[in-house]
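J.: Supplied structure: structure-v9.pdb, PDB, C-alpha atoms.
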```pdb
ATOM      1  CA  MET M  10     200.778 129.383  98.831
ATOM      2  CA  ALA M  11     200.294 133.119  98.529
ATOM      3  CA  ASP M  12     200.615 135.284 101.626
ATOM      4  CA  ASP M  13     197.465 136.446 103.359
ATOM      5  CA  HIS M  14     197.575 140.251 103.195
ATOM      6  CA  TYR M  15     195.620 140.637 106.417
ATOM      7  CA  GLN M  16     198.048 138.376 108.283
ATOM      8  CA  THR M  17     200.995 140.240 106.761
ATOM      9  CA  LEU M  18     199.746 143.526 108.240
ATOM     10  CA  GLY M  19     198.540 141.843 111.430
ATOM     11  CA  VAL M  20     194.946 143.097 111.132
ATOM     12  CA  PRO M  21     191.581 141.278 111.021
ATOM     13  CA  ARG M  22     189.543 141.072 107.819
ATOM     14  CA  THR M  23     187.115 143.570 109.374
ATOM     15  CA  ALA M  24     189.837 146.179 109.924
ATOM     16  CA  SER M  25     188.988 149.775 109.059
ATOM     17  CA  ALA M  26     190.977 151.801 106.541
ATOM     18  CA  GLU M  27     192.624 153.699 109.410
ATOM     19  CA  ASP M  28     193.584 150.413 111.139
ATOM     20  CA  ILE M  29     195.242 149.255 107.932
ATOM     21  CA  ARG M  30     197.174 152.512 107.487
ATOM     22  CA  LYS M  31     198.305 152.459 111.123
ATOM     23  CA  ALA M  32     199.537 148.877 110.875
ATOM     24  CA  TYR M  33     201.347 149.697 107.635
ATOM     25  CA  ARG M  34     203.132 152.718 109.132
ATOM     26  CA  GLU M  35     204.359 150.672 112.093
ATOM     27  CA  LEU M  36     205.646 147.826 109.933
ATOM     28  CA  ALA M  37     207.184 150.190 107.374
ATOM     29  CA  ARG M  38     209.170 151.914 110.114
ATOM     30  CA  LYS M  39     210.299 148.526 111.372
ATOM     31  CA  TYR M  40     211.378 146.923 108.085
ATOM     32  CA  HIS M  41     212.195 149.781 105.689
ATOM     33  CA  PRO M  42     215.289 148.845 103.595
ATOM     34  CA  ASP M  43     217.067 152.093 104.413
ATOM     35  CA  LEU M  44     217.073 151.015 108.052
ATOM     36  CA  HIS M  45     218.427 147.574 107.162
ATOM     37  CA  PRO M  46     220.634 148.029 104.072
ATOM     38  CA  ASP M  47     222.344 144.639 104.491
ATOM     39  CA  ASP M  48     219.373 142.651 105.771
ATOM     40  CA  ASP M  49     217.763 140.741 102.905
ATOM     41  CA  ALA M  50     215.109 139.283 105.223
ATOM     42  CA  ALA M  51     213.963 142.776 106.235
ATOM     43  CA  LYS M  52     213.821 143.854 102.585
ATOM     44  CA  GLU M  53     211.707 140.841 101.708
ATOM     45  CA  LYS M  54     209.422 141.486 104.650
ATOM     46  CA  PHE M  55     209.005 145.114 103.577
ATOM     47  CA  LYS M  56     208.078 144.029 100.053
ATOM     48  CA  LYS M  57     205.317 141.828 101.468
ATOM     49  CA  VAL M  58     204.091 144.617 103.747
ATOM     50  CA  GLN M  59     204.082 147.054 100.825
ATOM     51  CA  ALA M  60     202.215 144.631  98.542
ATOM     52  CA  ALA M  61     199.621 143.945 101.246
ATOM     53  CA  PHE M  62     199.069 147.656 101.861
ATOM     54  CA  ASP M  63     198.795 148.389  98.143
ATOM     55  CA  VAL M  64     195.826 145.999  97.950
ATOM     56  CA  LEU M  65     194.056 146.631 101.261
ATOM     57  CA  ASN M  66     194.417 150.425 101.129
ATOM     58  CA  ASP M  67     192.539 150.580  97.820
ATOM     59  CA  PRO M  68     188.795 149.882  98.322
ATOM     60  CA  SER M  69     188.288 148.354  94.870
ATOM     61  CA  LYS M  70     191.384 146.145  95.105
ATOM     62  CA  ARG M  71     190.443 145.118  98.628
ATOM     63  CA  GLU M  72     186.965 144.099  97.468
ATOM     64  CA  MET M  73     188.475 141.971  94.680
ATOM     65  CA  TYR M  74     190.966 140.425  97.115
ATOM     66  CA  ASP M  75     188.189 139.586  99.593
ATOM     67  CA  ARG M  76     186.184 138.081  96.740
ATOM     68  CA  TYR M  77     188.906 135.958  95.126
ATOM     69  CA  GLY M  78     191.079 135.217  98.151
ATOM     70  CA  SER M  79     194.679 134.142  97.671
ATOM     71  CA  SER M  80     194.151 133.898  93.896
ATOM     72  CA  PHE M  81     193.555 137.656  93.739
ATOM     73  CA  GLU M  82     196.864 138.331  91.909
ATOM     74  CA  GLY M  83     195.811 140.972  89.475
ATOM     75  CA  VAL M  84     192.249 139.813  88.817
ATOM     76  CA  GLY M  85     190.223 142.758  87.558
ATOM     77  CA  GLY M  86     186.874 143.398  85.972
ATOM     78  CA  PRO M  87     186.244 144.483  82.409
ATOM     79  CA  GLY M  88     186.784 148.128  83.349
ATOM     80  CA  GLY M  89     190.566 148.136  83.282
ATOM     81  CA  TRP M  90     193.821 146.593  84.362
ATOM     82  CA  GLY M  91     194.869 146.547  87.973
ATOM     83  CA  GLY M  92     198.018 148.360  89.008
ATOM     84  CA  GLY M  93     201.248 146.790  90.108
ATOM     85  CA  PRO M  94     202.509 146.788  93.677
ATOM     86  CA  PHE M  95     204.642 149.887  93.027
ATOM     87  CA  PRO M  96     202.827 152.242  90.626
ATOM     88  CA  GLY M  97     204.949 153.891  87.999
ATOM     89  CA  GLY M  98     207.450 151.059  88.018
ATOM     90  CA  GLY M  99     209.013 152.387  91.215
ATOM     91  CA  GLY M 100     210.367 150.523  94.180
ATOM     92  CA  PHE M 101     209.884 151.278  97.833
ATOM     93  CA  PRO M 102     208.422 154.525  99.178
ATOM     94  CA  GLY M 103     211.206 157.069  99.016
ATOM     95  CA  ALA M 104     212.706 155.414  95.955
ATOM     96  CA  GLY M 105     209.891 155.663  93.463
ATOM     97  CA  GLY M 106     206.121 155.626  93.554
ATOM     98  CA  PHE M 107     203.563 155.048  96.261
ATOM     99  CA  PRO M 108     200.168 153.312  96.171
ATOM    100  CA  GLY M 109     197.702 155.319  94.123
ATOM    101  CA  GLY M 110     200.453 157.227  92.324
ATOM    102  CA  GLN M 111     200.939 159.577  95.272
ATOM    103  CA  GLU M 112     204.219 160.610  96.820
ATOM    104  CA  ILE M 113     204.853 159.660 100.426
ATOM    105  CA  ASP M 114     206.365 162.000 102.999
ATOM    106  CA  LEU M 115     209.048 159.880 104.629
ATOM    107  CA  GLU M 116     209.472 162.468 107.379
ATOM    108  CA  SER M 117     205.943 161.686 108.546
ATOM    109  CA  LEU M 118     206.417 157.949 108.044
ATOM    110  CA  PHE M 119     209.466 157.862 110.284
ATOM    111  CA  GLY M 120     208.380 160.297 112.939
ATOM    112  CA  GLY M 121     208.907 163.833 111.656
ATOM    113  CA  ALA M 122     211.866 166.172 111.675
ATOM    114  CA  GLY M 123     214.954 164.829 113.381
ATOM    115  CA  GLY M 124     213.841 161.233 112.859
ATOM    116  CA  PHE M 125     214.193 160.283 109.243
ATOM    117  CA  GLY M 126     216.915 162.835 108.543
ATOM    118  CA  ASP M 127     219.021 161.693 111.488
ATOM    119  CA  LEU M 128     218.670 158.080 110.474
ATOM    120  CA  PHE M 129     219.560 158.434 106.806
ATOM    121  CA  GLY M 130     221.186 161.836 106.307
ATOM    122  CA  ARG M 131     224.149 161.174 108.579
ATOM    123  CA  GLY M 132     226.742 158.463 108.471
ATOM    124  CA  ARG M 133     226.847 158.322 104.682
ATOM    125  CA  THR M 134     230.240 159.084 103.242
ATOM    126  CA  LYS M 135     230.693 161.734 100.599
ATOM    127  CA  ALA M 136     231.854 159.020  98.236
ATOM    128  CA  ALA M 137     228.642 157.081  98.785
ATOM    129  CA  ARG M 138     226.540 160.171  98.222
ATOM    130  CA  GLY M 139     228.514 160.987  95.094
ATOM    131  CA  ARG M 140     228.001 157.639  93.382
ATOM    132  CA  ARG M 141     225.421 157.533  90.642
ATOM    133  CA  ARG M 142     223.381 154.440  90.179
ATOM    134  CA  PRO M 143     222.788 153.188  86.632
ATOM    135  CA  ALA M 144     219.395 154.206  85.273
ATOM    136  CA  GLN M 145     216.784 151.564  85.811
ATOM    137  CA  MET M 146     213.901 151.025  83.456
ATOM    138  CA  ALA M 147     210.979 148.698  83.986
ATOM    139  CA  GLY M 148     210.254 146.197  81.235
ATOM    140  CA  GLU M 149     207.235 146.608  78.995
ATOM    141  CA  ASP M 150     203.971 144.849  79.738
ATOM    142  CA  LEU M 151     202.700 142.123  77.437
ATOM    143  CA  THR M 152     199.027 141.534  76.667
ATOM    144  CA  ALA M 153     197.310 138.333  75.639
ATOM    145  CA  ARG M 154     193.844 136.827  75.467
ATOM    146  CA  ILE M 155     192.988 133.326  76.630
ATOM    147  CA  GLU M 156     189.825 131.260  76.398
ATOM    148  CA  ILE M 157     189.015 128.801  79.163
ATOM    149  CA  PRO M 158     186.289 126.181  79.633
ATOM    150  CA  PHE M 159     183.147 127.136  81.564
ATOM    151  CA  ARG M 160     183.872 124.555  84.257
ATOM    152  CA  LEU M 161     187.406 125.845  84.845
ATOM    153  CA  ALA M 162     186.050 129.361  85.405
ATOM    154  CA  ILE M 163     183.588 128.009  87.989
ATOM    155  CA  ASP M 164     185.873 125.510  89.743
ATOM    156  CA  GLY M 165     189.161 127.382  89.462
ATOM    157  CA  GLY M 166     192.423 125.625  88.673
ATOM    158  CA  LYS M 167     195.482 125.816  86.475
ATOM    159  CA  THR M 168     195.825 126.249  82.737
ATOM    160  CA  ASP M 169     198.745 126.763  80.362
ATOM    161  CA  VAL M 170     199.225 129.987  78.422
ATOM    162  CA  ARG M 171     201.551 130.410  75.464
ATOM    163  CA  VAL M 172     203.421 133.713  75.553
ATOM    164  CA  GLU M 173     205.885 135.185  73.048
ATOM    165  CA  ARG M 174     208.714 137.303  74.467
ATOM    166  CA  ASP M 175     211.171 138.886  72.041
ATOM    167  CA  GLY M 176     210.347 136.322  69.380
ATOM    168  CA  THR M 177     210.636 133.347  71.739
ATOM    169  CA  ALA M 178     207.493 131.360  72.529
ATOM    170  CA  GLU M 179     207.111 130.130  76.096
ATOM    171  CA  THR M 180     204.423 128.233  77.967
ATOM    172  CA  ILE M 181     203.574 129.354  81.502
ATOM    173  CA  THR M 182     201.073 127.962  83.984
ATOM    174  CA  VAL M 183     198.357 130.329  85.190
ATOM    175  CA  THR M 184     196.115 129.858  88.231
ATOM    176  CA  ILE M 185     192.472 130.686  87.490
ATOM    177  CA  PRO M 186     190.680 131.797  90.676
ATOM    178  CA  GLN M 187     187.400 130.109  91.544
ATOM    179  CA  GLY M 188     184.378 131.901  90.094
ATOM    180  CA  LEU M 189     186.276 134.010  87.537
ATOM    181  CA  PRO M 190     183.781 135.874  85.301
ATOM    182  CA  ASP M 191     183.882 136.190  81.535
ATOM    183  CA  GLY M 192     185.859 139.268  80.476
ATOM    184  CA  ALA M 193     187.958 139.372  83.658
ATOM    185  CA  ARG M 194     191.492 140.662  83.374
ATOM    186  CA  MET M 195     194.446 139.150  85.185
ATOM    187  CA  ARG M 196     197.841 140.727  85.830
ATOM    188  CA  LEU M 197     200.757 138.306  86.195
ATOM    189  CA  ARG M 198     203.563 140.267  87.759
ATOM    190  CA  GLY M 199     207.035 139.919  86.309
ATOM    191  CA  GLN M 200     205.903 137.841  83.323
ATOM    192  CA  GLY M 201     206.355 140.626  80.772
ATOM    193  CA  LEU M 202     209.536 141.820  79.026
ATOM    194  CA  PRO M 203     212.701 142.112  81.135
ATOM    195  CA  GLY M 204     213.750 145.516  82.480
ATOM    196  CA  ALA M 205     216.937 147.433  81.736
ATOM    197  CA  GLY M 206     219.701 148.367  84.180
ATOM    198  CA  GLY M 207     218.407 145.980  86.793
ATOM    199  CA  GLY M 208     214.872 147.330  86.513
ATOM    200  CA  PRO M 209     211.902 145.038  87.196
ATOM    201  CA  ALA M 210     210.331 142.981  84.450
ATOM    202  CA  GLY M 211     206.995 144.082  83.047
ATOM    203  CA  ASP M 212     203.717 142.290  83.651
ATOM    204  CA  LEU M 213     201.628 139.951  81.545
ATOM    205  CA  LEU M 214     198.055 141.211  81.157
ATOM    206  CA  LEU M 215     195.550 138.499  80.315
ATOM    207  CA  GLU M 216     191.995 139.046  79.160
ATOM    208  CA  VAL M 217     189.988 135.925  79.948
ATOM    209  CA  ARG M 218     187.095 134.709  77.826
ATOM    210  CA  VAL M 219     184.908 131.899  79.146
ATOM    211  CA  GLN M 220     183.476 129.360  76.723
ATOM    212  CA  PRO M 221     179.702 128.767  76.917
ATOM    213  CA  HIS M 222     178.352 125.629  78.586
ATOM    214  CA  PRO M 223     175.952 123.398  76.615
ATOM    215  CA  VAL M 224     173.447 123.334  79.512
ATOM    216  CA  TYR M 225     174.241 125.965  82.125
ATOM    217  CA  ARG M 226     174.153 129.749  81.854
ATOM    218  CA  ARG M 227     175.685 132.292  84.212
ATOM    219  CA  ASP M 228     174.198 135.570  85.414
ATOM    220  CA  GLY M 229     176.601 137.116  87.918
ATOM    221  CA  ASP M 230     177.005 134.456  90.599
ATOM    222  CA  THR M 231     173.749 132.711  89.651
ATOM    223  CA  LEU M 232     173.817 129.539  87.563
ATOM    224  CA  GLU M 233     170.740 128.881  85.419
ATOM    225  CA  LEU M 234     169.513 125.871  83.478
ATOM    226  CA  THR M 235     166.397 124.589  81.747
ATOM    227  CA  LEU M 236     165.180 121.460  83.580
ATOM    228  CA  PRO M 237     163.167 118.911  81.552
ATOM    229  CA  VAL M 238     160.357 117.375  83.631
ATOM    230  CA  SER M 239     157.924 114.659  82.562
ATOM    231  CA  LEU M 240     154.189 115.273  82.577
ATOM    232  CA  SER M 241     153.615 112.837  85.436
ATOM    233  CA  GLU M 242     156.386 114.492  87.519
ATOM    234  CA  ALA M 243     154.835 117.897  86.936
ATOM    235  CA  ILE M 244     151.357 116.675  87.948
ATOM    236  CA  ALA M 245     152.203 114.472  90.903
ATOM    237  CA  GLY M 246     155.426 116.093  92.046
ATOM    238  CA  ALA M 247     158.786 114.375  92.297
ATOM    239  CA  LYS M 248     162.429 114.620  93.260
ATOM    240  CA  VAL M 249     164.778 114.764  90.278
ATOM    241  CA  ASP M 250     168.564 114.576  90.177
ATOM    242  CA  VAL M 251     170.302 117.738  88.974
ATOM    243  CA  PRO M 252     174.095 117.834  88.453
ATOM    244  CA  THR M 253     175.871 120.944  89.790
ATOM    245  CA  PRO M 254     179.535 121.991  90.094
ATOM    246  CA  TRP M 255     179.341 120.880  93.732
ATOM    247  CA  GLY M 256     177.761 117.459  93.220
ATOM    248  CA  THR M 257     174.395 116.059  92.188
ATOM    249  CA  ILE M 258     171.414 117.320  94.184
ATOM    250  CA  ALA M 259     167.823 116.038  94.487
ATOM    251  CA  LEU M 260     165.598 118.933  93.468
ATOM    252  CA  ARG M 261     161.977 118.800  94.598
ATOM    253  CA  ILE M 262     159.292 119.371  91.971
ATOM    254  CA  PRO M 263     156.107 120.482  93.764
ATOM    255  CA  PRO M 264     152.835 118.798  92.655
ATOM    256  CA  GLY M 265     151.035 120.738  89.930
ATOM    257  CA  THR M 266     154.139 122.489  88.626
ATOM    258  CA  SER M 267     153.637 124.305  85.334
ATOM    259  CA  GLY M 268     156.221 124.808  82.633
ATOM    260  CA  GLY M 269     158.290 127.951  83.114
ATOM    261  CA  ARG M 270     158.263 127.770  86.919
ATOM    262  CA  LYS M 271     161.658 128.566  88.403
ATOM    263  CA  LEU M 272     163.013 126.488  91.282
ATOM    264  CA  ARG M 273     165.899 127.708  93.424
ATOM    265  CA  ALA M 274     168.716 125.680  94.997
ATOM    266  CA  ALA M 275     170.426 128.033  97.447
ATOM    267  CA  GLY M 276     174.228 128.097  97.462
ATOM    268  CA  MET M 277     174.625 125.767  94.476
ATOM    269  CA  GLY M 278     175.687 128.477  92.024
ATOM    270  CA  VAL M 279     179.042 130.241  91.581
ATOM    271  CA  ARG M 280     181.301 130.152  94.629
ATOM    272  CA  HIS M 281     184.340 132.227  95.564
ATOM    273  CA  ALA M 282     187.367 131.731  97.768
ATOM    274  CA  ASN M 283     186.020 134.194 100.328
ATOM    275  CA  GLY M 284     183.038 131.908 101.005
ATOM    276  CA  SER M 285     180.355 133.768  99.033
ATOM    277  CA  LYS M 286     177.928 131.530  97.122
ATOM    278  CA  GLY M 287     175.422 132.176  94.378
ATOM    279  CA  ASP M 288     172.264 130.162  93.766
ATOM    280  CA  LEU M 289     171.170 127.692  91.105
ATOM    281  CA  ILE M 290     167.911 128.485  89.258
ATOM    282  CA  ALA M 291     166.184 125.647  87.365
ATOM    283  CA  GLU M 292     163.394 126.631  84.960
ATOM    284  CA  VAL M 293     160.936 123.774  84.487
ATOM    285  CA  GLN M 294     160.262 122.577  80.948
ATOM    286  CA  ILE M 295     157.500 119.953  80.705
ATOM    287  CA  THR M 296     158.226 117.293  78.096
ATOM    288  CA  LEU M 297     155.485 115.139  76.624
ATOM    289  CA  PRO M 298     156.096 111.424  76.072
ATOM    290  CA  ALA M 299     157.540 110.835  72.647
ATOM    291  CA  GLY M 300     156.650 107.762  70.601
ATOM    292  CA  ALA M 301     153.468 106.864  72.507
ATOM    293  CA  ASP M 302     150.913 104.955  70.430
ATOM    294  CA  SER M 303     147.735 106.659  69.333
ATOM    295  CA  ALA M 304     145.528 104.959  71.925
ATOM    296  CA  VAL M 305     147.696 106.202  74.793
ATOM    297  CA  THR M 306     147.849 109.685  73.290
ATOM    298  CA  GLU M 307     144.061 109.770  72.909
ATOM    299  CA  LYS M 308     143.519 108.791  76.542
ATOM    300  CA  LEU M 309     146.039 111.419  77.656
ATOM    301  CA  LEU M 310     144.277 114.064  75.576
ATOM    302  CA  GLU M 311     140.875 113.089  76.941
ATOM    303  CA  ALA M 312     142.153 113.315  80.519
ATOM    304  CA  ALA M 313     143.743 116.699  79.849
ATOM    305  CA  ARG M 314     140.519 118.107  78.376
ATOM    306  CA  GLY M 315     138.562 116.872  81.358
ATOM    307  CA  ALA M 316     140.981 118.561  83.749
ATOM    308  CA  GLU M 317     140.870 121.810  81.757
ATOM    309  CA  ALA M 318     137.085 121.839  81.767
ATOM    310  CA  SER M 319     137.058 121.917  85.566
ATOM    311  CA  ALA M 320     139.852 124.510  85.827
ATOM    312  CA  ALA M 321     138.968 127.722  87.638
ATOM    313  CA  ALA M 322     140.742 130.070  85.209
ATOM    314  CA  GLU M 323     141.623 130.315  81.552
ATOM    315  CA  PRO M 324     145.401 129.935  81.159
ATOM    316  CA  ARG M 325     145.805 133.059  79.003
ATOM    317  CA  ALA M 326     143.454 135.317  80.938
ATOM    318  CA  GLN M 327     146.302 137.616  82.023
ATOM    319  CA  LEU M 328     147.581 138.357  78.536
ATOM    320  CA  ARG M 329     147.324 142.087  77.724
ATOM    321  CA  TRP M 330     148.626 144.426  75.039
TER
END
```
Represent the structure from my file as structure tokens, please.

T.:
Amino acid sequence: MADDHYQTLGVPRTASAEDIRKAYRELARKYHPDLHPDDDAAKEKFKKVQAAFDVLNDPSKREMYDRYGSSFEGVGGPGGWGGGPFPGGGGFPGAGGFPGGQEIDLESLFGGAGGFGDLFGRGRTKAARGRRRPAQMAGEDLTARIEIPFRLAIDGGKTDVRVERDGTAETITVTIPQGLPDGARMRLRGQGLPGAGGGPAGDLLLEVRVQPHPVYRRDGDTLELTLPVSLSEAIAGAKVDVPTPWGTIALRIPPGTSGGRKLRAAGMGVRHANGSKGDLIAEVQITLPAGADSAVTEKLLEAARGAEASAAAEPRAQLRW
């Protein structure tokens, strides 16, 4: 299960931007790899802290994370790809990039003059300072397009994706977050081409297309459908069963319902991991009985004409050009 970024930083989901930055600074000072060069646990903890801050410090990424929950991993809208945890292919602050492509002042992170310099500038041997590390280069990103069923986009779940790396085809399993929209873009970290000189692997960028449903349509987080209703149900009113992604519901048809009326079922539309729910809108379509004999049809027509004759208004009175 993916880590909860809020728990990683030790802040509530309602934390302000300043609260998030303060928590990050405290944890970065505590777990920074330069303070613990031989402590793999501290390095791993710092990576998680850095990844959490990269998401929660960016308003747009934070909104997507809040919306898609633990399945956030790189989900983006049609506007563009999301960034990696260390922009520019860098590593930790002080050894590469920093969230948003900005450079970080490690003096301020570790308490100003006399703090960071004393910790890291002294105690290193001349030999250590003289060594040159081999050049690292991040691997290239790969791009691919996948098409998923309508129900999978609504429910969320896993699907297989075939990827070709350096002429070799591989199949990987991808987690589709609940409520993923058509045209969304997902970034799968480390699933691109391998890096050079120990550099990190690139990412796999997926553009997701959602297949249409034979009955349901989607408008944002609202699910829509055309609901066939018999003439007697429209006149007398009824409760009809309507299947939804969250189970079958009994939808009430008010007496005297005309065709084209839209009925709402709150919370039965698209749902997300953060708890938000869209609605279901059913547009009534009155269906006449097919195959009735002529005598029945004549009686039905006679009754309809009688009802129309006593109607208070002409049905097309509002039509204007």

J.: Any chance you could resolve the PyMOL selection byres ((chain M and resi 259) around 10) against this file and give the residues as an MDAnalysis selection string?

T.: chainID M and resid 247:252 257:258 260:262 274

J.: Could you tell me how far atom CA of Asp12 of chain M sits from atom CA of Ile29 of chain M, in Å to one decimal place?

T.: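 If I compute the distance from atom CA of Ile29 of chain M to atom CA of Asp12 of chain M, I get 16.2 Å.
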
J.: Around (186.7, 130.1, 84.3) in the file's frame, which residues reach within 7 Å when counting all atoms listed in the file? Return as a list in words?

T.: Ile157, Pro158, Phe159, Arg160, Leu161, Ala162, Ile163, Gly165, Ile185, Gly188, Leu189, Pro190 and Val219 of chain M

J.: How would the residues just picked look written out with C-alpha atoms as an mmCIF file, in the frame of the given file?

T.:
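Result saved to result-v1.cif:
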```cif
data_model
loop_
_atom_site.group_PDB
_atom_site.id
_atom_site.type_symbol
_atom_site.label_atom_id
_atom_site.label_comp_id
_atom_site.auth_asym_id
_atom_site.auth_seq_id
_atom_site.Cartn_x
_atom_site.Cartn_y
_atom_site.Cartn_z
ATOM 1 C CA ILE M 157 189.015 128.801 79.163
ATOM 2 C CA PRO M 158 186.289 126.181 79.633
ATOM 3 C CA PHE M 159 183.147 127.136 81.564
ATOM 4 C CA ARG M 160 183.872 124.555 84.257
ATOM 5 C CA LEU M 161 187.406 125.845 84.845
ATOM 6 C CA ALA M 162 186.050 129.361 85.405
ATOM 7 C CA ILE M 163 183.588 128.009 87.989
ATOM 8 C CA GLY M 165 189.161 127.382 89.462
ATOM 9 C CA ILE M 185 192.472 130.686 87.490
ATOM 10 C CA GLY M 188 184.378 131.901 90.094
ATOM 11 C CA LEU M 189 186.276 134.010 87.537
ATOM 12 C CA PRO M 190 183.781 135.874 85.301
ATOM 13 C CA VAL M 219 184.908 131.899 79.146
#
```

J.: Can you give me, as a PyMOL selection string, the residues this file yields under the PyMOL selection byres ((chain M and resi 57-71) around 7)?

T.: chain M and resi 14+17-18+26+29+33+53-56+72-75+94+108

J.: Hey, can you check how far atom CA of Ile181 of chain M sits from atom CA of Gln200 of chain M?

T.: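 Separating atom CA of Ile181 of chain M from atom CA of Gln200 of chain M is a distance of 9.0 Å.
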
J.: Using atom CA of Ala243 of chain M and atom CA of Gly268 of chain M as the two end points, give the distance in Å to one decimal.

T.: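 Result for atom CA of Ala243 of chain M versus atom CA of Gly268 of chain M: 8.3 Å, one decimal.
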
J.: For the file shown, report as a PyMOL selection string the outcome of the PyMOL selection byres ((chain M and resi 297) around 8) at residue level.

T.: chain M and resi 239-240+295-296+298-299

J.: Hey, which of M:Leu328, M:Leu236, M:Val305, M:Leu202 ends up closest to Leu289 of chain M? Count only C-alpha atoms.

T.: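 For Leu289 of chain M, the nearest of the given residues is M:Leu236.
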
J.: Using only C-alpha atoms, which of the listed residues (M:Gly278, M:Gly206, M:Gly256, M:Pro264) sits closest to Ile290 of chain M?

T.: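 Counting only C-alpha atoms, the residue closest to Ile290 of chain M is M:Gly278.
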
J.: At a cut-off of 6 Å, using only C-alpha atoms, what residues contact Leu215 of chain M? Leave out same-chain residues fewer than 6 positions from it and give the result as a PyMOL selection string.

T.: chain M and resi 152-154+194-195

J.: Determine the nearest neighbour of Asn283 of chain M from the options M:Thr253, M:Arg22, M:Asp191, M:Gln145, counting only C-alpha atoms.

T.: M:Arg22

J.: Could you give me the axis-aligned bounding box of segment 292-311 of chain M, with 3 Å of padding per side, as centre plus edge lengths in Å to one decimal, as JSON?

T.:
```
{"center_x": 152.1, "center_y": 115.8, "center_z": 77.1, "size_x": 28.5, "size_y": 27.7, "size_z": 21.6}
```

J.: Using all atoms listed in the file, pick whichever of M:Ala312, M:Ala320, M:Leu272, M:Val20 has the shortest atom-to-atom distance to Leu234 of chain M.

T.: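 Using all atoms listed in the file, Leu234 of chain M sits closest to M:Leu272.
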
J.: I'd like to know which of M:Leu309, M:Ala144, M:Ile244, M:Val279 is closest to Arg227 of chain M, using only C-alpha atoms.

T.: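 Of M:Leu309, M:Ala144, M:Ile244, M:Val279, the one nearest Arg227 of chain M, counting only C-alpha atoms, is M:Val279.
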
J.: Using only C-alpha atoms, which of the listed residues (M:Val217, M:Ala147, M:Leu44, M:Ala313) sits closest to Gly204 of chain M?

T.: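 Among M:Val217, M:Ala147, M:Leu44, M:Ala313, it is M:Ala147 that comes nearest to Gly204 of chain M.
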